[in-house]
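Colleague: For reference, this is data.txt, and it has compact mmCIF, C-alpha atoms.
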```
# COMPACT_ATOMS: atom_id res chain seq x y z
CA MET A 1 0.00 0.00 0.00
CA SER A 2 1.45 3.37 -0.99
CA GLY A 3 1.97 6.23 1.47
CA SER A 4 -0.80 8.27 -0.16
CA SER A 5 -3.43 5.53 0.09
CA ARG A 6 -2.46 4.78 3.71
CA LEU A 7 -2.78 8.47 4.61
CA SER A 8 -6.16 8.96 2.95
CA LYS A 9 -7.51 5.78 4.56
CA ASN A 10 -6.21 6.60 8.06
CA PHE A 11 -6.40 10.41 8.05
CA PRO A 12 -9.73 10.83 9.87
CA ARG A 13 -8.58 8.50 12.66
CA ALA A 14 -5.15 10.17 12.90
CA LEU A 15 -6.75 13.60 12.96
CA LYS A 16 -9.11 12.59 15.76
CA ALA A 17 -6.21 11.14 17.79
CA HIS A 18 -4.08 14.28 17.35
CA LEU A 19 -6.92 16.60 18.34
CA GLU A 20 -7.98 14.68 21.43
CA GLY A 21 -8.71 17.12 24.24
CA LEU A 22 -9.65 19.94 21.86
CA SER A 23 -13.16 21.33 22.37
CA GLU A 24 -15.65 20.03 19.80
CA THR A 25 -16.75 23.62 19.13
CA THR A 26 -13.25 24.79 18.17
CA PRO A 27 -13.00 25.29 14.39
CA VAL A 28 -10.19 23.23 12.84
CA GLU A 29 -8.20 24.44 9.82
CA ILE A 30 -6.06 22.16 7.68
CA TRP A 31 -2.76 23.79 6.66
CA PHE A 32 0.08 22.41 4.50
CA GLU A 33 3.73 23.55 4.84
CA ASP A 34 6.94 23.18 2.86
CA GLU A 35 10.06 25.08 1.81
CA ALA A 36 11.48 25.94 -1.61
CA ARG A 37 14.98 27.04 -2.50
CA ILE A 38 14.95 30.04 -4.79
CA GLY A 39 18.18 31.36 -6.17
CA GLN A 40 20.55 32.29 -8.90
CA LYS A 41 20.65 28.71 -10.21
CA ASN A 42 17.13 29.32 -11.42
CA GLY A 43 14.93 27.15 -13.60
CA GLN A 44 13.76 27.93 -17.08
CA VAL A 45 10.25 27.32 -18.35
CA ARG A 46 8.55 27.44 -21.72
CA GLN A 47 7.43 30.82 -22.96
CA TRP A 48 5.47 32.18 -25.88
CA ALA A 49 7.46 33.64 -28.77
CA ARG A 50 6.91 34.57 -32.38
CA ARG A 51 7.41 31.58 -34.71
CA GLY A 52 10.99 31.40 -35.93
CA THR A 53 12.44 33.37 -33.03
CA ARG A 54 14.34 32.12 -29.99
CA PRO A 55 13.54 34.09 -26.84
CA ARG A 56 16.52 34.83 -24.64
CA GLN A 57 16.72 32.77 -21.43
CA PRO A 58 19.98 33.73 -19.75
CA PRO A 59 21.43 31.21 -17.27
CA ASP A 60 23.20 32.33 -14.13
CA GLN A 61 26.38 30.72 -12.81
CA ARG A 62 26.26 32.21 -9.30
CA TYR A 63 25.08 30.41 -6.17
CA ASP A 64 23.19 32.83 -3.88
CA ASN A 65 19.82 31.52 -2.74
CA ALA A 66 17.09 31.98 -0.17
CA TYR A 67 14.45 29.63 1.17
CA LEU A 68 10.77 30.44 0.90
CA PHE A 69 8.98 28.82 3.83
CA GLY A 70 5.33 28.68 2.82
CA ALA A 71 2.08 27.31 4.20
CA ILE A 72 -1.45 27.38 2.82
CA CYS A 73 -4.93 26.76 4.16
CA PRO A 74 -6.84 25.82 0.99
CA ALA A 75 -10.28 25.95 2.61
CA ARG A 76 -9.81 29.64 3.52
CA GLY A 77 -7.64 30.51 0.51
CA VAL A 78 -4.93 32.02 2.72
CA GLY A 79 -1.26 31.44 3.35
CA ALA A 80 1.73 32.46 5.42
CA ALA A 81 5.31 32.66 4.22
CA LEU A 82 8.75 33.97 5.07
CA ALA A 83 11.80 34.31 2.82
CA LEU A 84 14.73 33.19 4.96
CA PRO A 85 18.47 32.61 4.49
CA TYR A 86 18.60 28.98 5.72
CA ALA A 87 16.44 25.91 6.13
CA ASP A 88 17.00 24.91 9.75
CA ALA A 89 15.19 24.67 13.09
CA ASP A 90 15.60 28.38 13.92
CA MET A 91 14.04 29.40 10.61
CA MET A 92 11.28 26.82 11.04
CA GLN A 93 10.45 28.32 14.44
CA LEU A 94 10.01 31.72 12.80
CA HIS A 95 7.72 30.16 10.23
CA LEU A 96 5.61 28.33 12.82
CA ASP A 97 5.13 31.63 14.63
CA GLU A 98 4.08 33.29 11.35
CA ILE A 99 1.58 30.50 10.58
CA SER A 100 0.18 30.82 14.11
CA ARG A 101 -0.51 34.53 13.54
CA ASN A 102 -2.45 33.71 10.33
CA ILE A 103 -4.80 31.10 11.76
CA ALA A 104 -8.36 32.38 12.15
CA GLU A 105 -9.07 33.76 15.60
CA GLY A 106 -10.33 31.03 17.93
CA ALA A 107 -9.43 28.26 15.45
CA HIS A 108 -6.90 25.46 15.77
CA ALA A 109 -4.69 24.42 12.83
CA VAL A 110 -3.58 20.96 11.84
CA LEU A 111 -0.30 21.50 9.99
CA LEU A 112 0.66 18.73 7.56
CA LEU A 113 4.34 18.70 6.67
CA ASP A 114 7.10 16.39 5.54
CA ARG A 115 9.71 14.81 7.78
CA ALA A 116 12.61 17.22 7.18
CA GLY A 117 15.01 17.34 10.12
CA TRP A 118 14.06 20.91 11.01
CA HIS A 119 10.37 19.85 11.16
CA THR A 120 10.86 16.91 13.51
CA THR A 121 13.43 18.33 15.93
CA SER A 122 12.58 18.68 19.61
CA LYS A 123 14.08 22.21 19.50
CA LEU A 124 10.82 23.59 18.10
CA ASP A 125 8.33 25.32 20.39
CA VAL A 126 5.11 24.60 18.47
CA PRO A 127 2.49 27.31 19.14
CA GLY A 128 -0.57 26.17 21.08
CA ASN A 129 -2.94 26.74 18.15
CA ILE A 130 -1.03 24.32 15.86
CA THR A 131 -0.92 20.52 15.84
CA PRO A 132 1.69 19.10 13.43
CA ILE A 133 1.00 15.88 11.55
CA PHE A 134 3.85 14.40 9.54
CA LEU A 135 3.22 13.06 6.06
CA PRO A 136 4.64 9.68 5.02
CA SER A 137 8.26 9.72 3.85
CA ARG A 138 8.95 10.14 0.14
CA ALA A 139 5.37 11.20 -0.69
CA PRO A 140 5.58 14.81 -1.96
CA GLU A 141 2.38 14.26 -3.96
CA LEU A 142 0.47 14.48 -0.66
CA ASN A 143 1.57 18.06 -0.04
CA PRO A 144 -0.18 20.65 -2.25
CA VAL A 145 2.47 23.25 -1.39
CA GLU A 146 4.71 21.37 -3.85
CA ASN A 147 2.22 22.51 -6.52
CA VAL A 148 2.38 26.06 -5.16
CA TRP A 149 6.15 26.11 -5.78
CA GLN A 150 5.57 24.91 -9.34
CA TYR A 151 2.95 27.63 -9.87
CA LEU A 152 5.21 30.39 -8.47
CA ARG A 153 8.13 29.28 -10.63
CA GLN A 154 6.09 28.97 -13.80
CA ASN A 155 4.43 32.35 -13.38
CA TRP A 156 6.90 34.66 -11.63
CA LEU A 157 10.26 33.15 -10.69
CA SER A 158 11.67 31.32 -13.72
CA ASN A 159 13.56 32.78 -16.68
CA ALA A 160 15.06 35.42 -14.42
CA VAL A 161 18.55 36.40 -13.35
CA PHE A 162 18.78 37.73 -9.81
CA GLU A 163 21.51 40.27 -9.18
CA ASN A 164 22.09 39.34 -5.53
CA TYR A 165 20.54 37.83 -2.40
CA ASP A 166 18.29 40.84 -1.81
CA ALA A 167 16.89 40.54 -5.34
CA ILE A 168 16.12 36.87 -4.70
CA VAL A 169 14.26 37.71 -1.48
CA ASP A 170 12.39 40.56 -3.19
CA ALA A 171 11.31 38.28 -6.06
CA ALA A 172 10.23 35.50 -3.68
CA CYS A 173 8.20 37.93 -1.57
CA ALA A 174 6.64 39.57 -4.63
CA ALA A 175 5.62 36.17 -6.05
CA TRP A 176 4.10 35.12 -2.71
CA ARG A 177 2.17 38.42 -2.43
CA LYS A 178 0.77 37.89 -5.94
CA LEU A 179 -0.36 34.39 -4.95
CA ILE A 180 -1.95 35.59 -1.69
CA ALA A 181 -3.90 38.18 -3.68
CA GLN A 182 -5.58 35.24 -5.48
CA PRO A 183 -7.37 33.21 -2.77
CA GLU A 184 -9.26 31.21 -5.41
CA THR A 185 -5.91 30.06 -6.86
CA ILE A 186 -4.73 28.89 -3.43
CA THR A 187 -7.97 26.96 -2.99
CA SER A 188 -7.73 25.49 -6.48
CA ILE A 189 -4.11 24.39 -6.10
CA GLY A 190 -4.58 23.15 -2.54
CA MET A 191 -7.73 21.13 -3.08
CA ARG A 192 -7.04 19.41 -6.38
CA ASP A 193 -6.70 15.62 -6.41
```
Turn the structure described in the file into structure tokens.

Modeller:
Amino acid sequence: MSGSSRLSKNFPRALKAHLEGLSETTPVEIWFEDEARIGQKNGQVRQWARRGTRPRQPPDQRYDNAYLFGAICPARGVGAALALPYADADMMQLHLDEISRNIAEGAHAVLLLDRAGWHTTSKLDVPGNITPIFLPSRAPELNPVENVWQYLRQNWLSNAVFENYDAIVDAACAAWRKLIAQPETITSIGMRD
């Protein structure tokens, strides 16, 4: 049985077990979290061009990058993200705090995330309005934030050369703000099969 079929079969039971002790009247939000490296070794995607022409897609040979920590709640069409210099426990703590601030008032969030070392470490102080649930190993198809990264790259982050670290952070933040301005897109990406 694959990780995805095990999760879908057991999710209601796992959710109930993780939320034991929570008032039945407390609204529960389902959030998904992941990180993406964005940098000067940037991807290239297809683009429209006049027949017979070759649009310029300059590659970059430099190595600066940033990490976009992002989380979405597809049901509400909202998200929370931070562009950070590293992917480690300290940065994850900052992101958990940011997610916590974006959960609806009075609600509790179930945060589904992969098993990266900075997600599973005991160094994290998980906010009281978040319950983490770890996805099965090697099953990125279960996390819709993977599709968010693809969407951001295809629409705003590919085919670009970033001058320096600050330009990378600015581009990542601008792309995330454009996504957040489209709640229906977040819902569409986050709820597709």

Colleague: List as a Markdown table every residue of range 34-149 of chain A that is in contact with range 167-178 of chain A, defined as an atom at most 10 Å from one of its atoms (using all atoms listed in the file), together with the nearest atom pair and the distance in Å rounded to one decimal, sorted by chain and then rising number.

Modeller:
```
| residue | atom | partner | partner_atom | distance |
| --- | --- | --- | --- | --- |
| A:Ala36 | CA | A:Ala172 | CA | 9.9 |
| A:Arg37 | CA | A:Ala172 | CA | 9.8 |
| A:Ile38 | CA | A:Ile168 | CA | 6.9 |
| A:Gly39 | CA | A:Ile168 | CA | 6.1 |
| A:Gln40 | CA | A:Ile168 | CA | 7.6 |
| A:Asp64 | CA | A:Ile168 | CA | 8.2 |
| A:Asn65 | CA | A:Ile168 | CA | 6.8 |
| A:Ala66 | CA | A:Val169 | CA | 6.5 |
| A:Tyr67 | CA | A:Val169 | CA | 8.5 |
| A:Leu68 | CA | A:Ala172 | CA | 6.8 |
| A:Gly70 | CA | A:Trp176 | CA | 8.6 |
| A:Gly79 | CA | A:Trp176 | CA | 8.9 |
| A:Ala80 | CA | A:Trp176 | CA | 8.9 |
| A:Ala81 | CA | A:Trp176 | CA | 7.5 |
| A:Leu82 | CA | A:Cys173 | CA | 7.8 |
| A:Ala83 | CA | A:Val169 | CA | 6.0 |
| A:Leu84 | CA | A:Val169 | CA | 7.9 |
| A:Pro85 | CA | A:Val169 | CA | 8.9 |
| A:Val148 | CA | A:Trp176 | CA | 9.5 |
| A:Trp149 | CA | A:Trp176 | CA | 9.7 |
```

Colleague: Quote the spacing between CA of Tyr151 in chain A and CA of Asp34 in chain A in Å to one decimal place.

Modeller: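 Rounded to one decimal, the two atoms are 14.1 Å apart.
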
Colleague: Between CA of Leu124 in chain A and CA of Ile72 in chain A, what distance in Å does the model show, to one decimal?

Modeller: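 Atom-to-atom, CA of Leu124 in chain A and CA of Ile72 in chain A are spaced 20.0 Å apart.
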
Colleague: Between A:Ala116, A:Ala160, A:Leu15, A:Val28, which is the closest to Pro140 in chain A once you count only C-alpha atoms?

Modeller: A:Ala116

Colleague: Could you tell me how far CA of Tyr63 in chain A sits from CA of Ala49 in chain A, in Å to one decimal place?

Modeller: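 Those two atoms sit 28.8 Å apart.
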
Colleague: I'd like to know which of A:Arg138, A:His108, A:Arg153, A:Arg51 is closest to Ser23 in chain A, using only C-alpha atoms.

Modeller: A:His108

Colleague: Under the rule that only C-alpha atoms are counted, which of A:Lys16, A:Lys123, A:Arg101, A:His95 is the nearest residue to Glu35 in chain A?

Modeller: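 Of A:Lys16, A:Lys123, A:Arg101, A:His95, the one nearest Glu35 in chain A, counting only C-alpha atoms, is A:His95.
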
Colleague: Looking at A:Ala17, A:Pro55, A:Val78, A:Thr25, which one is nearest to Asn159 in chain A, with distances taken over all atoms listed in the file?

Modeller: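 Nearest to Asn159 in chain A: A:Pro55.
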
Colleague: Please list as a compact mmCIF listing (two decimals) with C-alpha atoms, keeping the file's coordinate frame every residue within 12 Å of Ile30 in chain A, counting all atoms listed in the file and excluding residues in the same chain fewer than 6 positions away.

Modeller:
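Result saved to out33.txt:
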```
# COMPACT_ATOMS: atom_id res chain seq x y z
CA PHE A 11 -6.40 10.41 8.05
CA LEU A 15 -6.75 13.60 12.96
CA ALA A 71 2.08 27.31 4.20
CA ILE A 72 -1.45 27.38 2.82
CA CYS A 73 -4.93 26.76 4.16
CA PRO A 74 -6.84 25.82 0.99
CA ALA A 75 -10.28 25.95 2.61
CA ARG A 76 -9.81 29.64 3.52
CA GLY A 77 -7.64 30.51 0.51
CA VAL A 78 -4.93 32.02 2.72
CA GLY A 79 -1.26 31.44 3.35
CA ILE A 99 1.58 30.50 10.58
CA ILE A 103 -4.80 31.10 11.76
CA ALA A 104 -8.36 32.38 12.15
CA ALA A 107 -9.43 28.26 15.45
CA HIS A 108 -6.90 25.46 15.77
CA ALA A 109 -4.69 24.42 12.83
CA VAL A 110 -3.58 20.96 11.84
CA LEU A 111 -0.30 21.50 9.99
CA LEU A 112 0.66 18.73 7.56
CA LEU A 113 4.34 18.70 6.67
CA ASN A 129 -2.94 26.74 18.15
CA ILE A 130 -1.03 24.32 15.86
CA THR A 131 -0.92 20.52 15.84
CA PRO A 132 1.69 19.10 13.43
CA ILE A 133 1.00 15.88 11.55
CA ASN A 143 1.57 18.06 -0.04
CA PRO A 144 -0.18 20.65 -2.25
CA THR A 187 -7.97 26.96 -2.99
CA GLY A 190 -4.58 23.15 -2.54
CA MET A 191 -7.73 21.13 -3.08
```

Colleague: Out of A:Leu157, A:Leu135, A:Ile180, A:Leu96, which residue has the shortest atom-to-atom distance to Asn10 in chain A when counting all atoms listed in the file?

Modeller: A:Leu135

Colleague: Restricting the calculation to all atoms listed in the file, which member of A:Ala89, A:Gly117, A:Lys9, A:Ile189 is positioned closest to Glu146 in chain A?

Modeller: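 Smallest separation from Glu146 in chain A among the options: A:Ile189.
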